[in-house]
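Undergrad: Before anything else, here's the structure in question.
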Amino acid sequence: MKNTNVIVVGAAAVIIAVVGYFAIDKGRQASEAQKEIARLSADVERLMGEKEKIEKEKELALRPSSLTVVSWGGAYTKSQVEAYHKPWVKKTGIKINSEDYNGGLAEVKAQVESGTVVWDLVDVELSDAVRGCDDGLFEPIDLSILPPGDDGTPAKDDFLPGTLYECAVANIIWSTIYAYDKTKFPGDKPSTIADFFDSKKFKGKRGMRKGAKPNLEMALMADGVAAGDVYKLLSTPAGVDQAFKMLDKIKDDTVWWEAGAQPPQMLADGEVVMSTAYNGRIFNAQVVENKPFVIVWDGQVWDLDLWAIPKGAPNKKTALEFIAFSTDTTRNAAQASYISYGPVRKSAAPLVSTHAGTGIDMKPHMPTAPENFKNALQNDFAWWADHQDEMNERFAAWLAK
Amino acid sequence: MTSTTANDAIIRTAEGVPLKLKLLRTTRRNRIVAFCLVVPLLLFILVTFLVPIAVMLLRSVDNPIVAETLPQTVAALEHWSGQGVPDEAAFAALAEEFTLARENRTIGRAATRLNFELSGMRSLVTSTARTLSRGEQGPYKELLIEIDGRWGEQKTWATIKLIGQRYTTVQYLASFDLHYDAAGRIVAQPEVRQIYVQIFMRTLWVSLLVTVLCLLLGYPVAYLLSTLPSRISNMLMILVLLPFWTSLLVRTTAWIVLLQTHGVINDLLVWAGLIGDESRVQMIYNMTGTIVAMTHILLPFMVLPIYSVMKTISPSHMRAALSLGANPLVAFWRVYAPQTVPGIGAGSILVFIISIGYYITPALVGGRTGQLISNFIAFHMQKSLNWGLAAALGTVLLACVLLLYWLYSRVVGLDKLKLG
């Protein structure tokens, strides 16, 4: 019995020892495996990290070194350089190659149709944005790339109604007004749009944009047509005749300008005593260059400027990033501290404060300020898209006679 | 014996090759070498001159946009009498193709093309296509007219039929201020849109005037240059050539500085008390500016050919005429002047042809009334984007030049042309 016990105990001990050995061995093996796994996973992580790094580098290498952004030149481009370009370069390291043009679709069309697109981004007027989109000259833009406003409002609610389009994203509200040199009018001063067309009461040369838009609208408003009825009347032949008849009154006293930088120059040179102009250009002359110019807001015609990407642009992806960047709340509001063009984001409007150079309050200089907005007309892009061929042709014929 | 004589009749070279053959080979080789030397220039002219002109001719009649976007509709309209509105087939084809074109994003181009002919077509086409793409079903005639009443108007369909032609003459009609009315007759444009005939006449008139002015100013200069001793004439020649070598833009800008209302000439006149400060003369940004600047810029083109012809006329001719009893005027007119005709012809045709297509100077100093046809071609290239009309105007201009060249060769004779 005792023997049996010894044997049992011995066997048990042997079994335990054996099992224990195996167990310990297993454990050792397991821990080794675990170590191996850890080592491998560390390797994998390292490799993944390297892969990511390489991909990032690749992406950086694929990113263009510069972006060609085309705008209207002068004080307006300068404001964009300050508000958009400089912060963009700081953030991304991608240089901006800034070019100037005088509006219209001709250059975009020439580039797209010849297949040599060099512009990445163009600042266009609304009627051109819509027409260019219809004609397939601009890339459709995925509006979901636009960031929400600072207050968290989604982009599509934050942008003012009528500022987002299939191929274009608005960045500012600007206006065509007329301005005069107050030193040239010691007595009575022009105060209404009708005064601009009254060369008997206010003598001297006028400056006007060489084109039908928006001279026809201004002519009708000067003839006493209410802003709301202007396009209704222009849609009739009699209305167009009426507008040209008003233009006839000052035809011989008018100097025609094409680039936005010309009117302040012409006023400063004394070549004209009053001129239609883009309001921001006159603001720049008043505030930055201390010129004695006065803006008459009565009968202003306001419009949008939008970003659009020419079809086949070399750096489309980066251009989209630039659009998203430059139209966020901060940048949209910052733009308004360099030139008196209004922001298109609701969340940006309260952020508009003072002029960057002189510290004056910007709000009263905005086209949309209530004091300035009493008799204002929004440029009707649909009407112009339909009628610009006929009106520009007739205008050219009228001008040459 | 006879065979030997026959063989001897052929003159052979030292190697025994018939001389005729050898001669032929040598001249052929020379011809090929000469041709090879000319090839670069030939190719250059072909690529930079003939091809663009051919493309321009094509573009002035080529009208593919609507024919390609709406082929079925255009086909359905072929049988339409042009009275009232077409039948359901045309409406259905239009609806189907509008939907398709909207998906392909080609509808805008068609709308733009149609809008050049009839204002309002752009919005009509794009808005109708937008409505149709919501999946509206026929019968399409009622549907379309319900979408927009203009689909029930004859002129809408007449425009599509007219612009649907693959090749068209509408651009040429437009170049002469004509157009097709809704009934398909060729009629004049309304008066407020008439412009090109007047501008073509103005361009011809300005070119002629500039040519005459250049001749009047250039002839004495050339005479002086050719008769003075070469020491002085060489110096004067540099004065003629100096502006010729100066940039066109610089010369034009110089005229702006001189002629503008607060420019040198007006300031001088006011200072001299000839005119009041209020009544300064407008000499630039109008026709006067264009003519003055163009005459100045084109003067060397007149002086140089006349000078080179005069240089070859022996002074003994005049002396002979004088010694034979002619007074100086008669001698000049009967003996000297006829010999300079080749130079006058070359100079005149050069100045005339350059000025008929002049662009940059009128654009800079022409203002409102001094614009020429080239400025309108540029307008349609750059502003209105109506390249078809620009091409047609360019072709008419080219035809004008060729016609005048032909007239010149008939009246004066091209053999009388001497460019130097």
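Letters for chains follow the order of the structure tokens (A, B, ...), residue numbers begin at 1 for each chain, and ligand numbers begin at 1 in the order shown.
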As a CSV table (one decimal) with N, CA and C atoms, in the first residue's frame, please: the residues near stretch 231-245 of chain B (cut-off 10 Å, only C-alpha atoms, same-chain neighbours under 6 positions excluded).
TA:
```
chain,number,residue,atom,x,y,z
B,218,GLY,N,6.2,112.4,-98.6
B,218,GLY,CA,7.4,111.5,-98.8
B,218,GLY,C,8.1,111.8,-100.1
B,221,VAL,N,10.8,114.5,-99.9
B,221,VAL,CA,11.9,114.0,-99.0
B,221,VAL,C,12.7,113.0,-99.8
B,222,ALA,N,12.1,112.1,-100.5
B,222,ALA,CA,12.9,111.1,-101.3
B,222,ALA,C,13.7,111.8,-102.4
B,224,LEU,N,14.8,114.9,-102.3
B,224,LEU,CA,15.9,115.6,-101.6
B,224,LEU,C,17.1,114.6,-101.3
B,225,LEU,N,16.7,113.4,-100.8
B,225,LEU,CA,17.7,112.4,-100.4
B,225,LEU,C,18.5,111.9,-101.6
B,251,ARG,N,6.3,105.4,-80.7
B,251,ARG,CA,5.9,106.5,-81.6
B,251,ARG,C,4.5,106.9,-81.4
B,296,HIS,N,2.4,109.4,-90.0
B,296,HIS,CA,3.8,109.4,-89.6
B,296,HIS,C,4.5,108.1,-89.5
B,297,ILE,N,3.7,107.1,-89.0
B,297,ILE,CA,4.3,105.8,-88.9
B,297,ILE,C,4.6,105.1,-90.2
B,298,LEU,N,3.7,105.4,-91.2
B,298,LEU,CA,3.9,104.7,-92.5
B,298,LEU,C,4.7,105.4,-93.5
B,299,LEU,N,5.2,106.6,-93.1
B,299,LEU,CA,6.0,107.5,-94.0
B,299,LEU,C,7.2,106.8,-94.6
B,300,PRO,N,8.0,106.1,-93.8
B,300,PRO,CA,9.2,105.4,-94.3
B,300,PRO,C,8.8,104.4,-95.4
B,301,PHE,N,7.7,103.8,-95.3
B,301,PHE,CA,7.3,102.8,-96.3
B,301,PHE,C,7.1,103.4,-97.7
B,303,VAL,N,8.7,106.6,-98.5
B,303,VAL,CA,10.0,107.3,-98.8
B,303,VAL,C,11.0,106.2,-99.4
B,304,LEU,N,11.1,105.1,-98.8
B,304,LEU,CA,12.2,104.2,-99.2
B,304,LEU,C,12.1,103.7,-100.6
B,307,TYR,N,12.7,106.5,-103.0
B,307,TYR,CA,14.1,106.9,-103.0
B,307,TYR,C,14.9,106.0,-103.8
```
Undergrad: Name all residues at most 12 Å from A:Ala385 (count only C-alpha atoms; drop same-chain ones fewer than 2 positions away) and give them as a PyMOL selection string.
TA: (chain A and resi 125-135+213+379-383+387-392) or (chain B and resi 108+111-112+115-116+119-124+126+384)
Undergrad: Kindly save the residues from that selection, with N, CA and C atoms included, as an mmCIF file, in the first residue's frame.
TA:
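The resulting file, again.cif, is shown below:
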```
data_model
loop_
_atom_site.group_PDB
_atom_site.id
_atom_site.type_symbol
_atom_site.label_atom_id
_atom_site.label_comp_id
_atom_site.auth_asym_id
_atom_site.auth_seq_id
_atom_site.Cartn_x
_atom_site.Cartn_y
_atom_site.Cartn_z
ATOM 1 N N GLU A 125 -17.184 88.137 -63.130
ATOM 2 C CA GLU A 125 -18.491 88.702 -62.816
ATOM 3 C C GLU A 125 -19.546 87.602 -62.939
ATOM 4 N N LEU A 126 -20.707 87.875 -62.319
ATOM 5 C CA LEU A 126 -21.733 86.834 -62.265
ATOM 6 C C LEU A 126 -22.202 86.387 -63.646
ATOM 7 N N SER A 127 -22.494 87.358 -64.537
ATOM 8 C CA SER A 127 -23.042 86.952 -65.838
ATOM 9 C C SER A 127 -22.032 86.097 -66.602
ATOM 10 N N ASP A 128 -20.742 86.417 -66.447
ATOM 11 C CA ASP A 128 -19.718 85.615 -67.113
ATOM 12 C C ASP A 128 -19.579 84.251 -66.459
ATOM 13 N N ALA A 129 -19.748 84.192 -65.132
ATOM 14 C CA ALA A 129 -19.666 82.906 -64.429
ATOM 15 C C ALA A 129 -20.743 81.961 -64.942
ATOM 16 N N VAL A 130 -21.966 82.498 -65.071
ATOM 17 C CA VAL A 130 -23.086 81.655 -65.502
ATOM 18 C C VAL A 130 -22.915 81.246 -66.970
ATOM 19 N N ARG A 131 -22.535 82.217 -67.795
ATOM 20 C CA ARG A 131 -22.379 81.921 -69.214
ATOM 21 C C ARG A 131 -21.231 80.940 -69.439
ATOM 22 N N GLY A 132 -20.126 81.163 -68.752
ATOM 23 C CA GLY A 132 -18.976 80.282 -68.894
ATOM 24 C C GLY A 132 -19.294 78.863 -68.451
ATOM 25 N N CYS A 133 -20.130 78.754 -67.430
ATOM 26 C CA CYS A 133 -20.525 77.430 -66.940
ATOM 27 C C CYS A 133 -21.408 76.734 -67.987
ATOM 28 N N ASP A 134 -22.365 77.494 -68.517
ATOM 29 C CA ASP A 134 -23.248 76.940 -69.553
ATOM 30 C C ASP A 134 -22.455 76.491 -70.774
ATOM 31 N N ASP A 135 -21.443 77.266 -71.118
ATOM 32 C CA ASP A 135 -20.673 76.976 -72.329
ATOM 33 C C ASP A 135 -19.593 75.936 -72.084
ATOM 34 N N LYS A 213 -22.958 97.358 -70.346
ATOM 35 C CA LYS A 213 -23.241 97.080 -68.941
ATOM 36 C C LYS A 213 -22.334 97.906 -68.059
ATOM 37 N N ASN A 379 -27.368 93.911 -60.491
ATOM 38 C CA ASN A 379 -27.152 93.513 -61.883
ATOM 39 C C ASN A 379 -27.868 92.188 -62.146
ATOM 40 N N ASP A 380 -28.681 92.162 -63.181
ATOM 41 C CA ASP A 380 -29.470 90.957 -63.473
ATOM 42 C C ASP A 380 -28.692 90.084 -64.462
ATOM 43 N N PHE A 381 -28.023 89.070 -63.914
ATOM 44 C CA PHE A 381 -27.140 88.268 -64.774
ATOM 45 C C PHE A 381 -27.928 87.530 -65.844
ATOM 46 N N ALA A 382 -29.163 87.110 -65.518
ATOM 47 C CA ALA A 382 -29.941 86.354 -66.492
ATOM 48 C C ALA A 382 -30.299 87.243 -67.682
ATOM 49 N N TRP A 383 -30.661 88.501 -67.371
ATOM 50 C CA TRP A 383 -31.002 89.423 -68.459
ATOM 51 C C TRP A 383 -29.787 89.663 -69.343
ATOM 52 N N HIS A 387 -29.062 89.104 -73.292
ATOM 53 C CA HIS A 387 -29.060 90.289 -74.152
ATOM 54 C C HIS A 387 -27.700 90.889 -74.427
ATOM 55 N N GLN A 388 -26.625 90.309 -73.831
ATOM 56 C CA GLN A 388 -25.354 91.026 -73.968
ATOM 57 C C GLN A 388 -24.835 91.044 -75.409
ATOM 58 N N ASP A 389 -25.113 89.988 -76.180
ATOM 59 C CA ASP A 389 -24.645 89.987 -77.567
ATOM 60 C C ASP A 389 -25.266 91.146 -78.339
ATOM 61 N N GLU A 390 -26.611 91.224 -78.222
ATOM 62 C CA GLU A 390 -27.322 92.267 -78.966
ATOM 63 C C GLU A 390 -26.951 93.655 -78.450
ATOM 64 N N MET A 391 -26.912 93.808 -77.118
ATOM 65 C CA MET A 391 -26.659 95.133 -76.535
ATOM 66 C C MET A 391 -25.228 95.596 -76.813
ATOM 67 N N ASN A 392 -24.258 94.684 -76.693
ATOM 68 C CA ASN A 392 -22.876 95.094 -76.943
ATOM 69 C C ASN A 392 -22.670 95.449 -78.403
ATOM 70 N N GLY B 108 -25.288 74.679 -73.430
ATOM 71 C CA GLY B 108 -24.904 76.083 -73.300
ATOM 72 C C GLY B 108 -24.300 76.632 -74.587
ATOM 73 N N ALA B 111 -27.017 77.190 -77.011
ATOM 74 C CA ALA B 111 -27.807 78.359 -76.609
ATOM 75 C C ALA B 111 -27.066 79.649 -76.967
ATOM 76 N N THR B 112 -25.742 79.667 -76.738
ATOM 77 C CA THR B 112 -24.947 80.855 -77.062
ATOM 78 C C THR B 112 -25.003 81.154 -78.553
ATOM 79 N N ASN B 115 -28.269 82.501 -79.533
ATOM 80 C CA ASN B 115 -28.497 83.831 -78.972
ATOM 81 C C ASN B 115 -27.843 84.936 -79.801
ATOM 82 N N PHE B 116 -26.777 84.608 -80.523
ATOM 83 C CA PHE B 116 -26.156 85.607 -81.407
ATOM 84 C C PHE B 116 -27.169 86.062 -82.459
ATOM 85 N N SER B 119 -31.857 87.440 -79.708
ATOM 86 C CA SER B 119 -31.685 87.671 -78.272
ATOM 87 C C SER B 119 -32.779 86.959 -77.500
ATOM 88 N N GLY B 120 -32.406 86.359 -76.385
ATOM 89 C CA GLY B 120 -33.380 85.669 -75.563
ATOM 90 C C GLY B 120 -33.362 84.172 -75.761
ATOM 91 N N MET B 121 -32.729 83.704 -76.850
ATOM 92 C CA MET B 121 -32.682 82.264 -77.101
ATOM 93 C C MET B 121 -31.911 81.542 -75.996
ATOM 94 N N ARG B 122 -30.893 82.219 -75.432
ATOM 95 C CA ARG B 122 -30.084 81.564 -74.413
ATOM 96 C C ARG B 122 -30.944 81.096 -73.237
ATOM 97 N N SER B 123 -31.715 82.043 -72.665
ATOM 98 C CA SER B 123 -32.510 81.661 -71.495
ATOM 99 C C SER B 123 -33.615 80.704 -71.908
ATOM 100 N N LEU B 124 -34.174 80.904 -73.098
ATOM 101 C CA LEU B 124 -35.236 80.008 -73.563
ATOM 102 C C LEU B 124 -34.718 78.581 -73.633
ATOM 103 N N THR B 126 -31.847 77.221 -72.269
ATOM 104 C CA THR B 126 -31.352 76.622 -71.018
ATOM 105 C C THR B 126 -32.498 76.338 -70.047
ATOM 106 N N SER B 384 -16.927 89.927 -77.769
ATOM 107 C CA SER B 384 -18.211 89.271 -77.979
ATOM 108 C C SER B 384 -18.046 87.775 -78.209
#
```
Undergrad: Of the residues A:Thr116, A:Thr183, A:Asn102, A:Gln262, which is the one nearest to chain B, using only C-alpha atoms?
TA: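 Of the candidates, the smallest distance to chain B is held by A:Asn102.
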Undergrad: Please return, as number ranges by chain, all residues of stretch 134-178 of chain B that DSSP assigns to alpha helix (DSSP H) on the basis of the backbone.
TA: B: 140-147, 154-163, 170-175
Undergrad: Which of these residues is nearest to chain A, using only C-alpha atoms: B:Thr361, B:Gln194, B:Thr131, B:Asn266?
TA: B:Gln194
Undergrad: Which polymer residues have any atom within 10 Å of an atom of stretch 149-151 of chain A, counting only C-alpha atoms, with same-chain residues fewer than 5 positions away left out, as a PyMOL selection string?
TA: chain A and resi 156-159+327-330+345-348
Undergrad: With only C-alpha atoms as the atoms that count, which of B:Trp387, B:Phe176, B:Tyr285, B:Phe91 lies nearest to B:Tyr140?
TA: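 Under the stated criterion, the closest residue is B:Phe91.
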Undergrad: Mind checking which residues fall within 12 Å of A:Leu234, counting only C-alpha atoms, ignoring those fewer than 2 positions away in the same chain, and posting them as a PyMOL selection string?
TA: chain A and resi 212-221+225+227-232+236-244+380+383-384+386-388+391
Undergrad: As an exercise, work out the distance from atom CA of A:Pro87 to atom CA of A:Ile323 in Å and give it to one decimal place.
TA: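 Interatomic distance, atom CA of A:Pro87 to atom CA of A:Ile323: 13.1 Å.
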Undergrad: With a distance cut-off of 12 Å and only C-alpha atoms, select the neighbouring residues of B:Val55, excluding the residue or stretch itself and same-chain residues fewer than 4 positions from it, and output the selection as a CSV table (one decimal) with C-alpha atoms, in the first residue's frame.
TA:
```
chain,number,residue,atom,x,y,z
B,47,VAL,CA,2.3,77.0,-91.4
B,48,THR,CA,2.2,80.7,-90.3
B,49,PHE,CA,0.4,82.2,-93.3
B,50,LEU,CA,-1.6,79.9,-95.5
B,51,VAL,CA,-3.0,77.5,-92.9
B,59,ARG,CA,-14.5,79.4,-89.7
B,60,SER,CA,-16.4,82.1,-91.5
B,61,VAL,CA,-18.8,79.6,-93.0
B,62,ASP,CA,-18.4,76.7,-90.6
B,387,TRP,CA,-15.3,84.3,-83.9
B,388,GLY,CA,-17.4,83.4,-86.9
B,391,ALA,CA,-13.5,85.5,-89.5
B,392,ALA,CA,-16.1,86.7,-92.0
B,394,GLY,CA,-11.4,89.3,-91.9
B,395,THR,CA,-12.2,87.5,-95.1
```
Undergrad: Fewer than 4 positions away in the same chain doesn't count, so skip those; otherwise give me all residues within 9 Å of B:Val192, counting only C-alpha atoms, as a PyMOL selection string.
TA: chain A and resi 394+397-398
Undergrad: Have a look at A:Ile360, A:Ala268, A:Ile309, A:Val117 and name the one nearest to A:Glu139; count only C-alpha atoms.
TA: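 Once distances to A:Glu139 are computed over only C-alpha atoms, the minimum belongs to A:Ile309.
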Undergrad: Tell me, as a PyMOL selection string, which residues lie within 12 Å of B:Trp205, counting only C-alpha atoms; anything in the same chain fewer than 2 positions away does not count.
TA: chain B and resi 198-203+207-212+287+291+352+355-356+370+372-373
Undergrad: Take the residues from that selection and write them out as a PDB file, in the first residue's frame, keeping N, CA and C atoms.
TA:
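The result, stored in again.pdb:
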```
ATOM      1  N   GLN B 198     -20.384 100.939 -93.041  1.00  0.00           N
ATOM      2  CA  GLN B 198     -19.842 102.270 -92.734  1.00  0.00           C
ATOM      3  C   GLN B 198     -18.375 102.179 -92.314  1.00  0.00           C
ATOM      4  N   ILE B 199     -18.061 101.172 -91.481  1.00  0.00           N
ATOM      5  CA  ILE B 199     -16.675 101.047 -90.997  1.00  0.00           C
ATOM      6  C   ILE B 199     -15.742 100.626 -92.135  1.00  0.00           C
ATOM      7  N   PHE B 200     -16.229  99.752 -93.026  1.00  0.00           N
ATOM      8  CA  PHE B 200     -15.402  99.360 -94.176  1.00  0.00           C
ATOM      9  C   PHE B 200     -15.101 100.578 -95.050  1.00  0.00           C
ATOM     10  N   MET B 201     -16.139 101.401 -95.305  1.00  0.00           N
ATOM     11  CA  MET B 201     -15.937 102.596 -96.116  1.00  0.00           C
ATOM     12  C   MET B 201     -14.945 103.525 -95.427  1.00  0.00           C
ATOM     13  N   ARG B 202     -15.113 103.661 -94.110  1.00  0.00           N
ATOM     14  CA  ARG B 202     -14.230 104.536 -93.350  1.00  0.00           C
ATOM     15  C   ARG B 202     -12.787 104.024 -93.447  1.00  0.00           C
ATOM     16  N   THR B 203     -12.613 102.696 -93.341  1.00  0.00           N
ATOM     17  CA  THR B 203     -11.272 102.115 -93.393  1.00  0.00           C
ATOM     18  C   THR B 203     -10.630 102.385 -94.747  1.00  0.00           C
ATOM     19  N   SER B 207      -7.384 104.743 -95.347  1.00  0.00           N
ATOM     20  CA  SER B 207      -6.199 104.171 -95.999  1.00  0.00           C
ATOM     21  C   SER B 207      -5.796 105.011 -97.202  1.00  0.00           C
ATOM     22  N   LEU B 208      -6.799 105.408 -97.973  1.00  0.00           N
ATOM     23  CA  LEU B 208      -6.534 106.217 -99.160  1.00  0.00           C
ATOM     24  C   LEU B 208      -5.922 107.562 -98.764  1.00  0.00           C
ATOM     25  N   LEU B 209      -6.529 108.181 -97.757  1.00  0.00           N
ATOM     26  CA  LEU B 209      -6.062 109.488 -97.300  1.00  0.00           C
ATOM     27  C   LEU B 209      -4.629 109.392 -96.781  1.00  0.00           C
ATOM     28  N   VAL B 210      -4.366 108.359 -95.983  1.00  0.00           N
ATOM     29  CA  VAL B 210      -3.020 108.190 -95.428  1.00  0.00           C
ATOM     30  C   VAL B 210      -2.016 107.969 -96.563  1.00  0.00           C
ATOM     31  N   THR B 211      -2.419 107.197 -97.582  1.00  0.00           N
ATOM     32  CA  THR B 211      -1.530 106.955 -98.723  1.00  0.00           C
ATOM     33  C   THR B 211      -1.206 108.261 -99.444  1.00  0.00           C
ATOM     34  N   VAL B 212      -2.251 109.068 -99.683  1.00  0.00           N
ATOM     35  CA  VAL B 212      -2.040 110.331-100.387  1.00  0.00           C
ATOM     36  C   VAL B 212      -1.161 111.265 -99.560  1.00  0.00           C
ATOM     37  N   MET B 287     -10.695 110.861 -85.206  1.00  0.00           N
ATOM     38  CA  MET B 287     -10.171 110.536 -86.524  1.00  0.00           C
ATOM     39  C   MET B 287      -8.852 111.261 -86.812  1.00  0.00           C
ATOM     40  N   ILE B 291      -5.325 109.572 -88.183  1.00  0.00           N
ATOM     41  CA  ILE B 291      -4.697 109.893 -89.469  1.00  0.00           C
ATOM     42  C   ILE B 291      -3.288 110.447 -89.273  1.00  0.00           C
ATOM     43  N   PHE B 352      -0.909 101.548 -98.501  1.00  0.00           N
ATOM     44  CA  PHE B 352      -2.351 101.311 -98.515  1.00  0.00           C
ATOM     45  C   PHE B 352      -2.683  99.972 -97.871  1.00  0.00           C
ATOM     46  N   SER B 355      -2.114 100.008 -94.150  1.00  0.00           N
ATOM     47  CA  SER B 355      -3.056 100.804 -93.357  1.00  0.00           C
ATOM     48  C   SER B 355      -4.470 100.223 -93.371  1.00  0.00           C
ATOM     49  N   ILE B 356      -4.805  99.462 -94.379  1.00  0.00           N
ATOM     50  CA  ILE B 356      -6.170  98.908 -94.422  1.00  0.00           C
ATOM     51  C   ILE B 356      -6.374  97.897 -93.295  1.00  0.00           C
ATOM     52  N   GLY B 370     -12.354 107.159 -84.439  1.00  0.00           N
ATOM     53  CA  GLY B 370     -11.223 106.818 -85.300  1.00  0.00           C
ATOM     54  C   GLY B 370     -10.942 105.330 -85.362  1.00  0.00           C
ATOM     55  N   LEU B 372     -11.044 101.557 -86.844  1.00  0.00           N
ATOM     56  CA  LEU B 372     -11.103 100.953 -88.173  1.00  0.00           C
ATOM     57  C   LEU B 372     -11.615  99.511 -88.065  1.00  0.00           C
ATOM     58  N   ILE B 373     -11.741  98.863 -89.209  1.00  0.00           N
ATOM     59  CA  ILE B 373     -12.373  97.545 -89.228  1.00  0.00           C
ATOM     60  C   ILE B 373     -11.601  96.528 -88.382  1.00  0.00           C
TER      61      ILE B 373
END
```
Undergrad: I'd like to know which of A:Tyr178, A:Ser326, A:Tyr278, A:Thr254 is closest to A:Trp297, using only C-alpha atoms.
TA: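 The answer is A:Tyr178, which sits nearest to A:Trp297.
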Undergrad: Enumerate, as number ranges by chain, the complete set of residues in stretch 49-277 of chain A that a backbone-based DSSP assignment places in strand (DSSP E).
TA: A: 66-71, 95-100, 121-125, 168-181, 206-209, 254-257, 274-277
Undergrad: Interatomic distance between atom CA of A:Ala226 and atom CA of A:Ala376?
TA: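 Pair atom CA of A:Ala226 / atom CA of A:Ala376 returns 9.6 Å.
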Undergrad: In Å, with one decimal, what is the gap from atom CA of A:Val70 to atom CA of A:Gln111?
TA: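 Distance reported for this atom pair: 13.3 Å.
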